[in-house]
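K.L.:
What follows is input-v7.json, made up of JSON, C-alpha atoms:
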```
[["chain", "number", "residue", "atom", "x", "y", "z"],
["A", 1, "MET", "CA", -8.75, -77.04, 22.40],
["A", 2, "ASN", "CA", -5.90, -76.41, 24.85],
["A", 3, "SER", "CA", -4.00, -79.43, 23.57],
["A", 4, "LEU", "CA", -4.35, -78.03, 20.04],
["A", 5, "ILE", "CA", -3.02, -74.61, 21.04],
["A", 6, "GLU", "CA", -0.13, -76.18, 22.96],
["A", 7, "ARG", "CA", 1.21, -77.80, 19.79],
["A", 8, "TYR", "CA", 2.31, -74.34, 18.65],
["A", 9, "ASN", "CA", 4.98, -72.03, 20.03],
["A", 10, "VAL", "CA", 3.99, -69.44, 22.60],
["A", 11, "VAL", "CA", 3.71, -66.03, 21.00],
["A", 12, "GLU", "CA", 6.49, -63.51, 21.51],
["A", 13, "SER", "CA", 5.96, -60.44, 23.66],
["A", 14, "SER", "CA", 4.65, -57.24, 22.10],
["A", 15, "GLU", "CA", 8.05, -55.63, 22.61],
["A", 16, "GLN", "CA", 9.86, -58.47, 20.82],
["A", 17, "ILE", "CA", 7.40, -58.37, 17.94],
["A", 18, "GLU", "CA", 7.77, -54.60, 17.63],
["A", 19, "ARG", "CA", 11.55, -54.86, 17.48],
["A", 20, "LYS", "CA", 11.42, -57.56, 14.81],
["A", 21, "ILE", "CA", 8.93, -55.60, 12.70],
["A", 22, "ASN", "CA", 11.15, -52.53, 12.90],
["A", 23, "ASP", "CA", 14.10, -54.64, 11.73],
["A", 24, "ILE", "CA", 12.10, -56.16, 8.86],
["A", 25, "THR", "CA", 10.58, -52.91, 7.63],
["A", 26, "ALA", "CA", 13.73, -50.80, 8.11],
["A", 27, "ASN", "CA", 14.83, -51.66, 4.59],
["A", 28, "SER", "CA", 11.40, -52.17, 3.01],
["A", 29, "SER", "CA", 12.01, -49.10, 0.84],
["A", 30, "SER", "CA", 14.23, -51.37, -1.28],
["A", 31, "LEU", "CA", 11.05, -53.26, -2.22],
["A", 32, "TYR", "CA", 9.29, -50.07, -3.27],
["A", 33, "ASP", "CA", 9.75, -50.28, -7.02],
["A", 34, "ILE", "CA", 7.59, -50.60, -10.11],
["A", 35, "LYS", "CA", 7.97, -54.37, -10.34],
["A", 36, "ASN", "CA", 6.75, -55.00, -6.79],
["A", 37, "LEU", "CA", 4.02, -52.37, -7.00],
["A", 38, "LYS", "CA", 2.64, -54.02, -10.14],
["A", 39, "LYS", "CA", 2.74, -57.38, -8.39],
["A", 40, "LEU", "CA", 0.97, -55.96, -5.35],
["A", 41, "PHE", "CA", -1.70, -54.53, -7.62],
["A", 42, "SER", "CA", -2.33, -58.04, -8.97],
["A", 43, "LEU", "CA", -2.94, -59.25, -5.38],
["A", 44, "ILE", "CA", -5.76, -56.81, -4.65],
["A", 45, "ASP", "CA", -9.26, -58.02, -3.86],
["A", 46, "LEU", "CA", -11.11, -55.03, -5.31],
["A", 47, "THR", "CA", -13.78, -54.54, -2.70],
["A", 48, "SER", "CA", -17.11, -52.76, -2.39],
["A", 49, "LEU", "CA", -18.89, -53.49, 0.88],
["A", 50, "ASN", "CA", -21.12, -50.49, 1.46],
["A", 51, "SER", "CA", -24.71, -50.56, 2.64],
["A", 52, "THR", "CA", -25.43, -48.16, -0.23],
["A", 53, "ASP", "CA", -24.02, -50.41, -3.00],
["A", 54, "THR", "CA", -26.32, -50.71, -6.00],
["A", 55, "GLU", "CA", -26.27, -53.08, -8.95],
["A", 56, "ALA", "CA", -25.40, -50.17, -11.22],
["A", 57, "GLN", "CA", -22.37, -49.26, -9.10],
["A", 58, "ILE", "CA", -21.12, -52.84, -9.08],
["A", 59, "VAL", "CA", -21.65, -53.18, -12.84],
["A", 60, "ASP", "CA", -19.59, -50.01, -13.30],
["A", 61, "MET", "CA", -16.76, -51.41, -11.15],
["A", 62, "ILE", "CA", -16.84, -54.72, -13.05],
["A", 63, "GLY", "CA", -16.73, -52.87, -16.36],
["A", 64, "LYS", "CA", -13.53, -51.15, -15.29],
["A", 65, "VAL", "CA", -12.01, -54.51, -14.32],
["A", 66, "ASN", "CA", -13.07, -56.00, -17.67],
["A", 67, "ASP", "CA", -11.55, -53.06, -19.57],
["A", 68, "PHE", "CA", -8.40, -52.82, -17.47],
["A", 69, "PRO", "CA", -6.13, -54.86, -19.82],
["A", 70, "SER", "CA", -6.88, -52.51, -22.71],
["A", 71, "HIS", "CA", -5.86, -49.49, -20.62],
["A", 72, "TYR", "CA", -2.92, -51.15, -18.85],
["A", 73, "PRO", "CA", -1.63, -53.94, -21.12],
["A", 74, "ASP", "CA", 1.62, -54.32, -19.16],
["A", 75, "TYR", "CA", -0.17, -55.03, -15.87],
["A", 76, "SER", "CA", -1.84, -58.11, -14.42],
["A", 77, "ASN", "CA", -5.43, -57.46, -13.38],
["A", 78, "VAL", "CA", -6.69, -57.44, -9.79],
["A", 79, "ALA", "CA", -7.00, -60.87, -8.15],
["A", 80, "ALA", "CA", -10.70, -60.74, -7.29],
["A", 81, "ILE", "CA", -13.83, -58.68, -6.92],
["A", 82, "CYS", "CA", -15.40, -58.89, -3.44],
["A", 83, "VAL", "CA", -19.01, -57.84, -2.75],
["A", 84, "TYR", "CA", -21.97, -58.69, -0.53],
["A", 85, "PRO", "CA", -23.78, -62.00, -1.23],
["A", 86, "ALA", "CA", -26.84, -60.46, -2.90],
["A", 87, "LEU", "CA", -24.60, -58.87, -5.54],
["A", 88, "ILE", "CA", -22.72, -62.05, -6.50],
["A", 89, "PRO", "CA", -25.17, -62.82, -9.37],
["A", 90, "VAL", "CA", -24.42, -59.36, -10.77],
["A", 91, "VAL", "CA", -20.68, -60.07, -10.70],
["A", 92, "LYS", "CA", -21.08, -63.51, -12.24],
["A", 93, "LYS", "CA", -23.26, -62.16, -15.04],
["A", 94, "ASN", "CA", -21.01, -59.23, -15.95],
["A", 95, "LEU", "CA", -17.43, -60.28, -15.18],
["A", 96, "SER", "CA", -15.54, -61.32, -18.30],
["A", 97, "ALA", "CA", -11.95, -60.51, -17.28],
["A", 98, "SER", "CA", -9.83, -63.64, -17.20],
["A", 99, "LYS", "CA", -8.19, -64.84, -13.97],
["A", 100, "VAL", "CA", -10.25, -62.49, -11.79],
["A", 101, "SER", "CA", -11.98, -64.46, -9.04],
["A", 102, "ILE", "CA", -15.40, -63.79, -7.52],
["A", 103, "ALA", "CA", -15.43, -63.33, -3.74],
["A", 104, "SER", "CA", -18.11, -62.60, -1.19],
["A", 105, "VAL", "CA", -18.38, -61.96, 2.51],
["A", 106, "VAL", "CA", -20.54, -64.55, 4.29],
["A", 107, "GLY", "CA", -21.68, -65.69, 7.71],
["A", 108, "GLY", "CA", -23.42, -62.57, 8.93],
["A", 109, "PHE", "CA", -20.59, -60.21, 7.95],
["A", 110, "PRO", "CA", -19.31, -58.06, 9.59],
["A", 111, "ALA", "CA", -20.57, -58.82, 13.11],
["A", 112, "SER", "CA", -21.01, -62.60, 12.77],
["A", 113, "GLN", "CA", -23.83, -62.31, 15.30],
["A", 114, "THR", "CA", -26.33, -64.74, 13.89],
["A", 115, "PHE", "CA", -27.18, -68.43, 14.07],
["A", 116, "ILE", "CA", -24.77, -70.97, 12.64],
["A", 117, "GLU", "CA", -27.61, -72.37, 10.53],
["A", 118, "VAL", "CA", -28.01, -68.94, 8.94],
["A", 119, "LYS", "CA", -24.26, -68.63, 8.41],
["A", 120, "THR", "CA", -23.96, -71.97, 6.65],
["A", 121, "ALA", "CA", -27.11, -71.42, 4.59],
["A", 122, "GLU", "CA", -25.85, -68.03, 3.42],
["A", 123, "THR", "CA", -22.48, -69.54, 2.55],
["A", 124, "LYS", "CA", -24.01, -72.37, 0.52],
["A", 125, "ARG", "CA", -26.32, -69.99, -1.36],
["A", 126, "THR", "CA", -23.50, -67.55, -2.07],
["A", 127, "VAL", "CA", -21.27, -70.28, -3.49],
["A", 128, "LYS", "CA", -24.21, -71.62, -5.52],
["A", 129, "GLU", "CA", -24.69, -68.14, -7.00],
["A", 130, "GLY", "CA", -21.10, -68.08, -8.22],
["A", 131, "ALA", "CA", -18.69, -67.08, -5.45],
["A", 132, "LYS", "CA", -15.36, -68.89, -5.66],
["A", 133, "GLU", "CA", -14.11, -67.41, -2.39],
["A", 134, "ALA", "CA", -15.97, -66.80, 0.87],
["A", 135, "ASP", "CA", -14.77, -64.39, 3.57],
["A", 136, "MET", "CA", -16.23, -65.15, 7.02],
["A", 137, "VAL", "CA", -15.70, -63.44, 10.38],
["A", 138, "ILE", "CA", -15.04, -65.50, 13.50],
["A", 139, "SER", "CA", -17.39, -65.07, 16.45],
["A", 140, "ILE", "CA", -15.27, -62.41, 18.12],
["A", 141, "GLY", "CA", -17.18, -62.32, 21.40],
["A", 142, "LYS", "CA", -16.86, -66.08, 21.77],
["A", 143, "MET", "CA", -13.15, -65.87, 21.02],
["A", 144, "GLN", "CA", -12.67, -63.21, 23.67],
["A", 145, "SER", "CA", -14.71, -65.26, 26.14],
["A", 146, "GLY", "CA", -12.54, -68.32, 25.65],
["A", 147, "GLU", "CA", -15.20, -70.38, 23.84],
["A", 148, "TYR", "CA", -12.58, -71.89, 21.55],
["A", 149, "GLU", "CA", -14.50, -75.07, 20.79],
["A", 150, "SER", "CA", -17.47, -73.10, 19.52],
["A", 151, "VAL", "CA", -15.26, -70.86, 17.34],
["A", 152, "PHE", "CA", -13.50, -73.90, 15.91],
["A", 153, "GLU", "CA", -16.74, -75.76, 15.13],
["A", 154, "GLU", "CA", -18.26, -72.70, 13.40],
["A", 155, "ILE", "CA", -15.27, -72.30, 11.12],
["A", 156, "LYS", "CA", -15.33, -76.01, 10.36],
["A", 157, "ALA", "CA", -19.04, -75.90, 9.53],
["A", 158, "ILE", "CA", -18.69, -72.89, 7.23],
["A", 159, "LYS", "CA", -15.70, -74.48, 5.53],
["A", 160, "GLU", "CA", -17.86, -77.52, 4.80],
["A", 161, "ALA", "CA", -20.63, -75.25, 3.50],
["A", 162, "CYS", "CA", -18.12, -73.69, 1.07],
["A", 163, "GLY", "CA", -17.91, -76.90, -0.93],
["A", 164, "GLY", "CA", -15.24, -76.23, -3.53],
["A", 165, "ALA", "CA", -14.89, -72.52, -2.75],
["A", 166, "HIS", "CA", -11.95, -71.19, -0.78],
["A", 167, "LEU", "CA", -12.61, -69.98, 2.75],
["A", 168, "LYS", "CA", -10.94, -66.83, 4.10],
["A", 169, "VAL", "CA", -11.31, -66.55, 7.87],
["A", 170, "ILE", "CA", -11.34, -62.98, 9.20],
["A", 171, "LEU", "CA", -9.85, -62.79, 12.70],
["A", 172, "GLU", "CA", -10.68, -59.12, 13.34],
["A", 173, "SER", "CA", -7.21, -58.93, 14.87],
["A", 174, "GLY", "CA", -7.48, -55.27, 15.83],
["A", 175, "VAL", "CA", -10.27, -56.15, 18.26],
["A", 176, "LEU", "CA", -8.55, -59.24, 19.64],
["A", 177, "ALA", "CA", -5.53, -57.02, 20.34],
["A", 178, "GLU", "CA", -3.61, -59.39, 22.65],
["A", 179, "PRO", "CA", -0.80, -61.19, 20.76],
["A", 180, "GLN", "CA", -1.61, -64.62, 22.20],
["A", 181, "LEU", "CA", -5.31, -64.22, 21.42],
["A", 182, "ILE", "CA", -4.47, -63.36, 17.80],
["A", 183, "LYS", "CA", -2.26, -66.44, 17.62],
["A", 184, "ASP", "CA", -4.91, -68.65, 19.21],
["A", 185, "ALA", "CA", -7.51, -67.45, 16.70],
["A", 186, "SER", "CA", -5.05, -68.12, 13.87],
["A", 187, "ILE", "CA", -4.45, -71.66, 15.13],
["A", 188, "LEU", "CA", -8.17, -72.41, 15.43],
["A", 189, "ALA", "CA", -8.81, -71.14, 11.89],
["A", 190, "LEU", "CA", -5.91, -73.10, 10.41],
["A", 191, "GLU", "CA", -6.82, -76.32, 12.16],
["A", 192, "ALA", "CA", -10.50, -75.93, 11.19],
["A", 193, "GLY", "CA", -9.60, -75.81, 7.51],
["A", 194, "ALA", "CA", -9.12, -72.16, 6.51],
["A", 195, "ASP", "CA", -7.60, -71.57, 3.08],
["A", 196, "PHE", "CA", -6.66, -68.00, 3.99],
["A", 197, "LEU", "CA", -6.29, -66.00, 7.20],
["A", 198, "LYS", "CA", -7.48, -62.41, 6.92],
["A", 199, "THR", "CA", -6.78, -59.68, 9.46],
["A", 200, "SER", "CA", -9.88, -57.53, 9.46],
["A", 201, "THR", "CA", -13.27, -56.57, 8.09],
["A", 202, "GLY", "CA", -12.33, -52.92, 7.65],
["A", 203, "LYS", "CA", -15.51, -52.08, 9.57],
["A", 204, "MET", "CA", -13.90, -51.62, 13.01],
["A", 205, "PRO", "CA", -11.81, -48.69, 14.30],
["A", 206, "GLU", "CA", -8.67, -50.88, 14.37],
["A", 207, "SER", "CA", -8.01, -52.75, 11.14],
["A", 208, "ALA", "CA", -4.86, -54.39, 9.80],
["A", 209, "THR", "CA", -1.67, -53.83, 11.79],
["A", 210, "LEU", "CA", 1.86, -55.00, 11.11],
["A", 211, "ASP", "CA", 2.05, -56.54, 14.60],
["A", 212, "ALA", "CA", -0.99, -58.77, 14.06],
["A", 213, "PHE", "CA", 0.12, -59.62, 10.55],
["A", 214, "TYR", "CA", 3.52, -60.69, 11.85],
["A", 215, "ILE", "CA", 1.85, -63.08, 14.30],
["A", 216, "ILE", "CA", -0.42, -64.48, 11.59],
["A", 217, "THR", "CA", 2.49, -65.11, 9.21],
["A", 218, "GLN", "CA", 4.48, -66.85, 11.94],
["A", 219, "THR", "CA", 1.53, -69.11, 12.75],
["A", 220, "ILE", "CA", 1.02, -69.96, 9.08],
["A", 221, "GLN", "CA", 4.71, -70.84, 8.87],
["A", 222, "GLU", "CA", 4.39, -73.20, 11.86],
["A", 223, "TYR", "CA", 1.32, -74.81, 10.32],
["A", 224, "PHE", "CA", 3.15, -75.29, 7.02],
["A", 225, "ILE", "CA", 6.08, -76.96, 8.77],
["A", 226, "LYS", "CA", 3.67, -79.29, 10.59],
["A", 227, "THR", "CA", 1.41, -80.17, 7.66],
["A", 228, "GLY", "CA", 3.04, -79.13, 4.38],
["A", 229, "LYS", "CA", -0.11, -77.13, 3.55],
["A", 230, "LYS", "CA", 0.35, -73.57, 2.30],
["A", 231, "VAL", "CA", -2.40, -71.37, 3.73],
["A", 232, "GLY", "CA", -2.78, -67.88, 2.31],
["A", 233, "LEU", "CA", -3.04, -64.59, 4.12],
["A", 234, "LYS", "CA", -4.81, -61.31, 3.53],
["A", 235, "PRO", "CA", -4.25, -58.02, 5.33],
["A", 236, "ALA", "CA", -7.32, -55.82, 4.95],
["A", 237, "GLY", "CA", -8.56, -52.49, 6.21],
["A", 238, "GLY", "CA", -6.56, -49.28, 6.33],
["A", 239, "ILE", "CA", -4.01, -50.22, 3.65],
["A", 240, "SER", "CA", -4.39, -47.44, 1.15],
["A", 241, "THR", "CA", -0.93, -46.80, -0.33],
["A", 242, "GLY", "CA", 1.74, -48.81, -2.07],
["A", 243, "ARG", "CA", 4.26, -47.79, 0.58],
["A", 244, "GLN", "CA", 2.06, -49.32, 3.29],
["A", 245, "ALA", "CA", 1.53, -52.48, 1.22],
["A", 246, "VAL", "CA", 5.29, -52.90, 0.78],
["A", 247, "ASP", "CA", 5.72, -53.19, 4.58],
["A", 248, "TYR", "CA", 3.28, -56.12, 4.59],
["A", 249, "LEU", "CA", 5.16, -57.62, 1.66],
["A", 250, "ALA", "CA", 8.42, -57.35, 3.62],
["A", 251, "ILE", "CA", 6.91, -59.38, 6.47],
["A", 252, "VAL", "CA", 5.63, -62.04, 4.05],
["A", 253, "LYS", "CA", 9.05, -62.35, 2.45],
["A", 254, "HIS", "CA", 10.80, -62.54, 5.84],
["A", 255, "ASN", "CA", 8.50, -65.05, 7.58],
["A", 256, "LEU", "CA", 7.21, -67.10, 4.64],
["A", 257, "GLY", "CA", 9.38, -66.41, 1.63],
["A", 258, "ASP", "CA", 8.79, -65.59, -2.02],
["A", 259, "ALA", "CA", 6.66, -68.72, -2.50],
["A", 260, "TRP", "CA", 3.78, -66.81, -0.85],
["A", 261, "PHE", "CA", 4.10, -63.77, -3.11],
["A", 262, "ASN", "CA", 1.34, -64.72, -5.56],
["A", 263, "PRO", "CA", -2.49, -64.49, -5.74],
["A", 264, "SER", "CA", -3.03, -68.05, -4.50],
["A", 265, "CYS", "CA", -1.26, -67.27, -1.20],
["A", 266, "PHE", "CA", -1.35, -63.51, -0.65],
["A", 267, "ARG", "CA", -4.15, -61.00, -1.15],
["A", 268, "ILE", "CA", -4.75, -57.45, -0.01],
["A", 269, "GLY", "CA", -8.26, -56.26, 0.76],
["A", 270, "ALA", "CA", -8.70, -52.70, -0.39],
["A", 271, "SER", "CA", -10.99, -50.17, -2.01],
["A", 272, "SER", "CA", -8.66, -47.19, -2.59],
["A", 273, "LEU", "CA", -5.33, -49.04, -2.92],
["A", 274, "ALA", "CA", -5.75, -49.89, -6.60],
["A", 275, "ASN", "CA", -5.93, -46.26, -7.75],
["A", 276, "ASN", "CA", -3.15, -45.24, -5.38],
["A", 277, "ILE", "CA", -0.76, -47.92, -6.64],
["A", 278, "LEU", "CA", -1.49, -46.90, -10.23],
["A", 279, "SER", "CA", -0.78, -43.29, -9.22],
["A", 280, "GLU", "CA", 2.43, -44.16, -7.41],
["A", 281, "ILE", "CA", 3.76, -46.12, -10.39],
["A", 282, "ALA", "CA", 2.89, -43.24, -12.72],
["A", 283, "GLN", "CA", 4.70, -40.80, -10.43],
["A", 284, "ILE", "CA", 7.80, -43.01, -10.18],
["A", 285, "GLU", "CA", 7.91, -43.02, -13.99],
["A", 286, "ASN", "CA", 7.12, -39.30, -14.17],
["A", 287, "PRO", "CA", 7.13, -37.14, -11.00],
["A", 288, "GLU", "CA", 4.83, -34.67, -12.74],
["A", 289, "ALA", "CA", 2.14, -37.29, -13.46],
["A", 290, "GLU", "CA", -1.37, -36.60, -12.18],
["A", 291, "LYS", "CA", -3.07, -38.87, -9.69],
["A", 292, "VAL", "CA", -4.84, -41.80, -11.37],
["A", 293, "LYS", "CA", -8.59, -42.25, -10.84],
["A", 294, "TYR", "CA", -9.32, -45.34, -12.89],
["A", 295, "PHE", "CA", -11.49, -47.33, -10.45]]
```
Turn this file's structure into structure tokens for me.

P.N.:
Amino acid sequence: MNSLIERYNVVESSEQIERKINDITANSSSLYDIKNLKKLFSLIDLTSLNSTDTEAQIVDMIGKVNDFPSHYPDYSNVAAICVYPALIPVVKKNLSASKVSIASVVGGFPASQTFIEVKTAETKRTVKEGAKEADMVISIGKMQSGEYESVFEEIKAIKEACGGAHLKVILESGVLAEPQLIKDASILALEAGADFLKTSTGKMPESATLDAFYIITQTIQEYFIKTGKKVGLKPAGGISTGRQAVDYLAIVKHNLGDAWFNPSCFRIGASSLANNILSEIAQIENPEAEKVKYF
């Protein structure tokens, strides 16, 4: 695996990354407008990953997605609905909104502490039930212990188990913390066949950060230059406002360009962001508008 890692540039220092992020986001307020907020809304993976989720709750969420165009005809709908594997049949049965994908977490989410045979079996079953996108978590302990070969082979095996579904690889970057470790995990995921790199599960104290996202976008850019393959990216966890989302957008535009600003290349994992973006747009149009509680 060392020879694989060495094909990529060494990551910048934390201080250098911080300075560059400050430069990039210094003018991100110029991106904070109705057009970009609507676009960011269309990149949301509307997510419910609670141990208390019931079929009735998921059906209610799906109903709101189905009805969204009638309430907001000038908006594009969310990009996907993401739930636990056992609830995928409920989504498939009830989702009628066009262009909204079905996504599921797989592979022993969120800890990834189970056997690879279980991970691949769960992935295959979830895709069979109707998931078009599968979000897996890398084996974080193995990554931290330097077991790169094992991490690589697991991602490769789960990618194969996905069949025709897209694989999003969750790095849990807030736990990895060290810039080079985040980059190494990004490289392993890319080279093992990931269709998307995702920052976090949202289940750990440290979720998405601009620093980690900057590293991930840089690594995706290097991979694209080497292979010509556009891999997507998904910040997730802790992004609850349009203003926060615009900072991530600024980094995408700076490191990857406008070609990544679409649902096939850029998603945002969120539960509260959808309502907040709708509220922020309403308040830009009318400062006296009440907060929206659609979802």

K.L.:
Within 7 Å of range 10-23 of chain A, counting all atoms listed in the file, which residues show up once you throw out same-chain ones fewer than 3 positions away? Write them as a ChimeraX atom specification, please.

P.N.:
/A:26,179-180,183,211

K.L.:
Using only C-alpha atoms, which of the listed residues (A:Ala192, A:Ile251, A:Ile220, A:Ile170) sits closest to Leu4 in chain A?

P.N.:
A:Ala192

K.L.:
Distance CA of Leu87 in chain A-CA of Ile58 in chain A, one decimal place?

P.N.:
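These two atoms are separated by 7.8 Å.
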
K.L.:
Could you give me, as a ChimeraX atom specification, the residues within 12 Å of Thr54 in chain A, counting only C-alpha atoms and dropping anything in the same chain fewer than 5 positions from it?

P.N.:
/A:48-49,59-61,83-84,86-88,90-91

K.L.:
Pick out the closest residue to Leu233 in chain A from this set: A:Leu43, A:Leu278, A:Ile24, A:Met143. Count all atoms listed in the file.

P.N.:
A:Leu43

K.L.:
Need to verify the contact set: Ile281 in chain A, 12 Å, only C-alpha atoms, exclusion of same-chain residues closer than 3 positions in sequence. Can you return it as a list in words?

P.N.:
Tyr32, Asp33, Ile34, Lys35, Asn36, Leu37, Lys38, Lys39, Leu40, Phe41, Tyr72, Tyr75, Thr241, Gly242, Arg243, Ala274, Asn275, Asn276, Ile277, Leu278, Ile284, Glu285, Asn286, Pro287, Glu288, Ala289, Glu290, Lys291 and Val292 of chain A

K.L.:
Please, which residues are within 9 Å of (12.9, -58.7, 0.2) by the file's coordinates, counting all atoms listed in the file, and could they come as JSON, numbers by chain?

P.N.:
{"A": [27, 28, 30, 31, 249, 250, 251, 252, 253, 254, 257, 258]}

K.L.:
Using all atoms listed in the file, which of A:Val65, A:Leu181, A:Cys265, A:Ala259 sits nearest Tyr148 in chain A?

P.N.:
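Closest to Tyr148 in chain A of all the choices is A:Leu181.
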
K.L.:
Rounded to one decimal place, report the CA of Ile81 in chain A-CA of Ile62 in chain A distance in Å.

P.N.:
7.9 Å

K.L.:
One decimal, in Å: what's the spacing between CA of Tyr223 in chain A and CA of Ala80 in chain A?

P.N.:
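Taking CA of Tyr223 in chain A as the start and CA of Ala80 in chain A as the end point, the length is 25.5 Å.
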
K.L.:
Taking into account all atoms listed in the file, which residue in the set A:Ile225, A:Ala212, A:Ala103, A:Ala131 is nearest to Glu172 in chain A?

P.N.:
A:Ala212

K.L.:
From the set A:Leu273, A:Leu171, A:Ala165, A:Val231, which residue has the shortest atom-to-atom contact distance to Ala245 in chain A, counting all atoms listed in the file?

P.N.:
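Of A:Leu273, A:Leu171, A:Ala165, A:Val231, the one nearest Ala245 in chain A, counting all atoms listed in the file, is A:Leu273.
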
K.L.:
Would you compute an axis-aligned box for range 227-233 of chain A, covering every atom listed for it in the file with 3 Å of margin on each side, and report centre and edge lengths in Å to one decimal as AutoDock Vina command-line options?

P.N.:
```
--center_x 0.0 --center_y -72.4 --center_z 5.0 --size_x 12.1 --size_y 21.6 --size_z 11.4
```

K.L.:
Nearest to Asn255 in chain A: which of A:Asp135, A:Asp67, A:Glu222, A:Asp45 is it, counting all atoms listed in the file?

P.N.:
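Using all atoms listed in the file, Asn255 in chain A sits closest to A:Glu222.
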
K.L.:
Enumerate, in order of chain and increasing residue number, the residues of range 170-206 of chain A with an atom no farther than 9 Å from range 107-125 of chain A, each with its shortest atom pair and distance in Å to one decimal, counting all atoms listed in the file, as a tab-separated table.

P.N.:
```
residue	atom	partner	partner_atom	distance
A:Thr201	CA	A:Pro110	CA	6.4
A:Gly202	CA	A:Pro110	CA	8.9
A:Lys203	CA	A:Pro110	CA	7.1
```

K.L.:
Any chance you can output those residues with C-alpha atoms as a short mmCIF file (atom, residue, chain, number, x, y, z; two decimals), keeping the file's coordinate frame?

P.N.:
```cif
data_model
loop_
_atom_site.label_atom_id
_atom_site.label_comp_id
_atom_site.auth_asym_id
_atom_site.auth_seq_id
_atom_site.Cartn_x
_atom_site.Cartn_y
_atom_site.Cartn_z
CA THR A 201 -13.27 -56.57 8.09
CA GLY A 202 -12.33 -52.92 7.65
CA LYS A 203 -15.51 -52.08 9.57
#
```

K.L.:
If we count all atoms listed in the file, what is near Ala208 in chain A at a cut-off of 7 Å, once residues fewer than 4 positions away on the same chain are taken out, given as a PyMOL selection string?

P.N.:
chain A and resi 174+199-200+235-238
